[in-house]
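Read through the structure below, which is laid out as structure tokens, and then see the notes.
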Amino acid sequence: MTAGLALAAILWAMVAAWPAQGQSPPDFSAPPATRQVEGSIDDRALTRLPGNVHFLAQARYDRGAVADSFPLSHILLLLTRNPEQQSALDGLMQEQYDRGSANYHKWLTPEEYGSMFGPAAEDLQQIESWLTQKGFTVNRVAAGRTFIDFSGTAGEVAAAFHTPIHYYDVNGERHYANAADPWIPKALAPLIAGFRALNDFHPRPLSLTPGVVRRDQATGKWRRVASDGHLTDGSGATAAYLVGPQDFAQIYGVNQVWAETVAAPSGGQKLTGAGETIGVVGDTDLAASDIASFRDQFDLTALGPNGSVQVNHPPAAVCAAPDPSVNDPEGYIDAEWAGATAPDATIDFVTCSNSGVTSGADLAAAYIVQDAVQSQTVGVLSTSYGYCEQNPISESDQFYVLLWQQAAAEGITVVVAAGDAGPAECDEFTGVPYATHGFAVNAEASTPYNIAVGGTDFSDVFSGDAANYWSASNGSGLESALSYIPEMAWNDSCASPPVLETFGSGYSSSAGADGFCTYASRLPVDPNTAFSPYFNHFAGSGGLSAVSLRPPWQVGVTGLPAGGARAVPDLSLFAG
């Protein structure tokens, strides 16, 4: 979805969060890390790390063990801190975000974060030594001391962590994953929270190609067709209206923000992104000519002559570069739209290969947060990838909580797309058009330390007054939106009341054997979506976290569900 990326730039424009270059560190004293490991490590005394098996690593998909020589690169061993350190970190972050505090907006560097709130250096050396003895190669210890990145083989993982790695065939795709929870020496338990992953069920890009809805002139019925334009596109009685950057600016008043000037450290500055860097993460390379074409076509080059999109490949110790033959549209969507509302900003597209255990997008995000230069340059980190939040101790949830918390302490605003599968985010990964895994939210978006951005849809077509909001012709930047357009919940599925009313002629209900959804399930598969029209789970995601408590800034907000869980999303923009 593009809403999260567009909002990343808007957030910069609204809050003017300049990076903390040359800034003095906060005046704060954290309790020193005490050593947790004394003496030798006994490999016979073990403790299990629960919740570290992917929910799709099921017996019905199991195709047997991989070879012992099977490579597993960039495994992230997540580190933890003692309660006293966590309490001190929470206290400092409250001061960093309190306008009345002397530490307001005094951000930490990754090294300061690690030395103040990470494990003792002696303990880190102890873990590194143990990993090396087990045959692993330690790639790096994160500067913030939140994880250790190492590589090895399936045989070495099985021997050290007592969990076999198996193949799994899920929905026509071959994956690998650990078949059981790993075990570690009890001596290391106070230092280790778990793993980011021991599998290649990577986060999925949250972009869809649902097609365009148009009324057939011969039959008078509505149908979905392939998108054949990037602007107002007339074909007979009904036009297809697509949102470009200038449309977005008109609809949401971004063009009014562009006209404003604010005080910046360097003097008066237009709110078009000049001097700012937005970090966007991905797992593919970009063609400079395509980016330039997008910016030229929609008049962004003229509006932001100093704006740019730069592709950033981290060092080899961090990740491998993406395969140049891989052409994932998510990367283009995210990089182009991050610059669509901050046209004069630098878009730093940090990209890594998906060749390892940890996904390219996750490694790229970790690089931004852990690198001394990146963390002090990037003001906003934007990601549009999704990963199912499973339970309070699942293997992915701890990673995002740890990483986004460090980003917040460094002054980086993390903006995450909430997802595109309604309240059933785990079903982004199933490849089936109906929900089977219950309520769930995106683990990347559900921490207390990020802004979760959901998606809405416009109601003008359903209400029959689209002509009030769109011009029949396009401007120089291919814009055709006339004003703000009323929004509604984004739900493209047969269960949506507007979809039922508009497309389900003759059906009084979506549910039941004779309902519209049953009819929709029997329609031919749409080549644009791989699903039958209307029989899908394309909808703005949201719900309550099963991992994180409700942050203070959500307490008492009108409209949020009752309870003490973190609610997702925080706000929503057009995405449907």
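Here, A, B, ... name the chains of the structure tokens in the order displayed, residue numbers run from 1 inside each chain, and ligands are numbered from 1 in the same displayed order.
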
request  = Give me the residues within 9 Å of Ser446 in chain A as a PyMOL selection string, counting only C-alpha atoms and dropping any in the same chain fewer than 3 places off.
outcome  = chain A and resi 389+397+400-401+416+418+441-443+449-452+544-548+566-569

ask   = Hey, what does DSSP flag as strand (DSSP E or B) within range 235-302 of chain A? Can you give it to me as a ChimeraX atom specification?
value = /A:235,238-240,261-264,267-270,277-282

Kindly save the residues from that selection, with N, CA, C and O atoms included, as a CSV table (one decimal), in the first residue's frame.
```
chain,number,residue,atom,x,y,z
A,235,SER,N,-13.6,5.6,-20.6
A,235,SER,CA,-13.9,4.5,-21.5
A,235,SER,C,-15.4,4.3,-21.5
A,235,SER,O,-15.9,3.6,-20.7
A,238,THR,N,-18.2,5.4,-18.2
A,238,THR,CA,-17.6,5.6,-16.8
A,238,THR,C,-16.1,5.8,-17.0
A,238,THR,O,-15.5,5.1,-17.7
A,239,ALA,N,-15.6,6.7,-16.2
A,239,ALA,CA,-14.2,6.9,-16.2
A,239,ALA,C,-13.5,6.2,-15.0
A,239,ALA,O,-14.2,6.0,-13.9
A,240,ALA,N,-12.3,5.8,-15.1
A,240,ALA,CA,-11.5,5.3,-14.0
A,240,ALA,C,-10.6,6.3,-13.5
A,240,ALA,O,-9.8,6.9,-14.2
A,261,THR,N,6.4,28.0,4.9
A,261,THR,CA,7.8,28.2,5.3
A,261,THR,C,8.0,28.1,6.8
A,261,THR,O,7.2,28.7,7.5
A,262,VAL,N,8.9,27.3,7.2
A,262,VAL,CA,9.2,27.2,8.7
A,262,VAL,C,10.6,27.5,9.0
A,262,VAL,O,11.5,27.5,8.1
A,263,ALA,N,10.9,27.8,10.3
A,263,ALA,CA,12.2,28.1,10.7
A,263,ALA,C,13.0,26.7,10.9
A,263,ALA,O,12.5,25.8,11.6
A,264,ALA,N,14.1,26.6,10.2
A,264,ALA,CA,15.0,25.5,10.3
A,264,ALA,C,16.3,25.9,10.8
A,264,ALA,O,16.7,27.1,10.8
A,267,GLY,N,17.9,28.2,8.5
A,267,GLY,CA,17.1,29.4,8.1
A,267,GLY,C,15.7,29.0,7.7
A,267,GLY,O,15.2,27.9,7.8
A,268,GLY,N,15.0,30.0,7.0
A,268,GLY,CA,13.6,29.7,6.5
A,268,GLY,C,13.7,28.6,5.5
A,268,GLY,O,14.5,28.6,4.6
A,269,GLN,N,12.7,27.7,5.6
A,269,GLN,CA,12.7,26.5,4.7
A,269,GLN,C,11.3,26.1,4.2
A,269,GLN,O,10.4,26.1,5.1
A,270,LYS,N,11.1,25.9,2.9
A,270,LYS,CA,9.9,25.4,2.4
A,270,LYS,C,9.7,24.0,2.8
A,270,LYS,O,10.6,23.2,2.9
A,277,THR,N,16.3,13.5,4.8
A,277,THR,CA,16.5,12.2,4.3
A,277,THR,C,15.5,11.2,4.8
A,277,THR,O,15.3,11.1,6.1
A,278,ILE,N,14.7,10.6,3.9
A,278,ILE,CA,13.8,9.5,4.3
A,278,ILE,C,14.3,8.2,3.9
A,278,ILE,O,14.7,7.9,2.8
A,279,GLY,N,14.5,7.3,4.9
A,279,GLY,CA,15.0,6.0,4.7
A,279,GLY,C,13.9,5.1,4.3
A,279,GLY,O,12.9,5.0,5.0
A,280,VAL,N,14.0,4.4,3.2
A,280,VAL,CA,13.0,3.4,2.7
A,280,VAL,C,13.7,2.1,2.5
A,280,VAL,O,14.8,2.0,1.9
A,281,VAL,N,13.1,1.0,3.1
A,281,VAL,CA,13.8,-0.3,3.0
A,281,VAL,C,13.1,-1.1,1.9
A,281,VAL,O,12.0,-1.0,1.6
A,282,GLY,N,14.0,-2.0,1.3
A,282,GLY,CA,13.5,-2.9,0.3
A,282,GLY,C,14.4,-4.1,0.1
A,282,GLY,O,15.4,-4.3,0.8
```

inquiry  = Nearest residue to Ala366 in chain A out of A:Ala342, A:Ser73, A:Val141, A:Ala45, using only C-alpha atoms?
reply    = A:Val141

task = Tell me, in Å to one decimal, how far CA of His105 in chain A is from CA of Ala143 in chain A.
result =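 Answer for the CA of His105 in chain A to CA of Ala143 in chain A separation: 20.6 Å.
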
ask   = Do you know which residues are at most 7 Å from Pro190 in chain A counting only C-alpha atoms, after dropping those on the same chain fewer than 2 positions away, and could you put them as a list in words?
value =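 Here the qualifying residues turn out to be Gln36, Leu188 and Ile192 of chain A.
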
I need the residues from that last selection saved to file as a PDB file, in the first residue's frame (with N, CA and C atoms), if you can.
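Final output, saved to selection31.pdb:
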```pdb
ATOM      1  N   GLN A  36      26.479 -11.310  33.283  1.00  0.00           N
ATOM      2  CA  GLN A  36      25.492 -12.358  33.497  1.00  0.00           C
ATOM      3  C   GLN A  36      26.104 -13.750  33.381  1.00  0.00           C
ATOM      4  N   LEU A 188      23.321 -18.818  29.201  1.00  0.00           N
ATOM      5  CA  LEU A 188      23.112 -17.706  28.270  1.00  0.00           C
ATOM      6  C   LEU A 188      21.684 -17.158  28.319  1.00  0.00           C
ATOM      7  N   ILE A 192      19.744 -13.805  26.121  1.00  0.00           N
ATOM      8  CA  ILE A 192      19.183 -14.103  24.802  1.00  0.00           C
ATOM      9  C   ILE A 192      17.660 -14.090  24.862  1.00  0.00           C
TER      10      ILE A 192
END
```

Extract, using only C-alpha atoms, all DNA, RNA and protein residues at most 10 Å from Leu124 in chain A, discarding same-chain residues fewer than 2 positions from it, and format them as an mmCIF file with C-alpha atoms, in the first residue's frame.
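Saved result, out.cif, follows:
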```cif
data_model
loop_
_atom_site.group_PDB
_atom_site.id
_atom_site.type_symbol
_atom_site.label_atom_id
_atom_site.label_comp_id
_atom_site.auth_asym_id
_atom_site.auth_seq_id
_atom_site.Cartn_x
_atom_site.Cartn_y
_atom_site.Cartn_z
ATOM 1 C CA ARG A 35 27.971 -9.519 33.910
ATOM 2 C CA VAL A 37 27.855 -15.156 32.460
ATOM 3 C CA LEU A 79 19.734 -9.954 22.976
ATOM 4 C CA GLY A 118 23.049 -3.322 26.178
ATOM 5 C CA PRO A 119 24.716 -6.384 27.703
ATOM 6 C CA ALA A 120 28.172 -6.067 29.190
ATOM 7 C CA ALA A 121 31.030 -6.254 26.687
ATOM 8 C CA GLU A 122 32.403 -9.316 28.482
ATOM 9 C CA GLN A 126 31.353 -14.849 25.776
ATOM 10 C CA ILE A 127 28.455 -15.367 23.351
ATOM 11 C CA GLU A 128 30.666 -14.703 20.320
ATOM 12 C CA SER A 129 33.217 -17.198 21.583
ATOM 13 C CA TRP A 130 30.538 -19.841 22.117
ATOM 14 C CA VAL A 141 27.482 -7.420 16.739
ATOM 15 C CA ARG A 145 23.825 -4.421 21.246
ATOM 16 C CA PHE A 147 21.437 -8.629 18.228
ATOM 17 C CA ILE A 148 24.363 -10.699 16.985
ATOM 18 C CA LEU A 191 21.159 -12.547 27.672
#
```

query = Hey, what's within 10 Å of Asn536 in chain A if we count only C-alpha atoms and toss same-chain stuff fewer than 5 positions away? As a PyMOL selection string, please?
reply = chain A and resi 210+421+432-435+491-495+517+520-521+529-531

key: alpha helix (DSSP H) per DSSP on the backbone: members of range 129-161 of chain A, as a PyMOL selection string   = chain A and resi 129-133+154-161
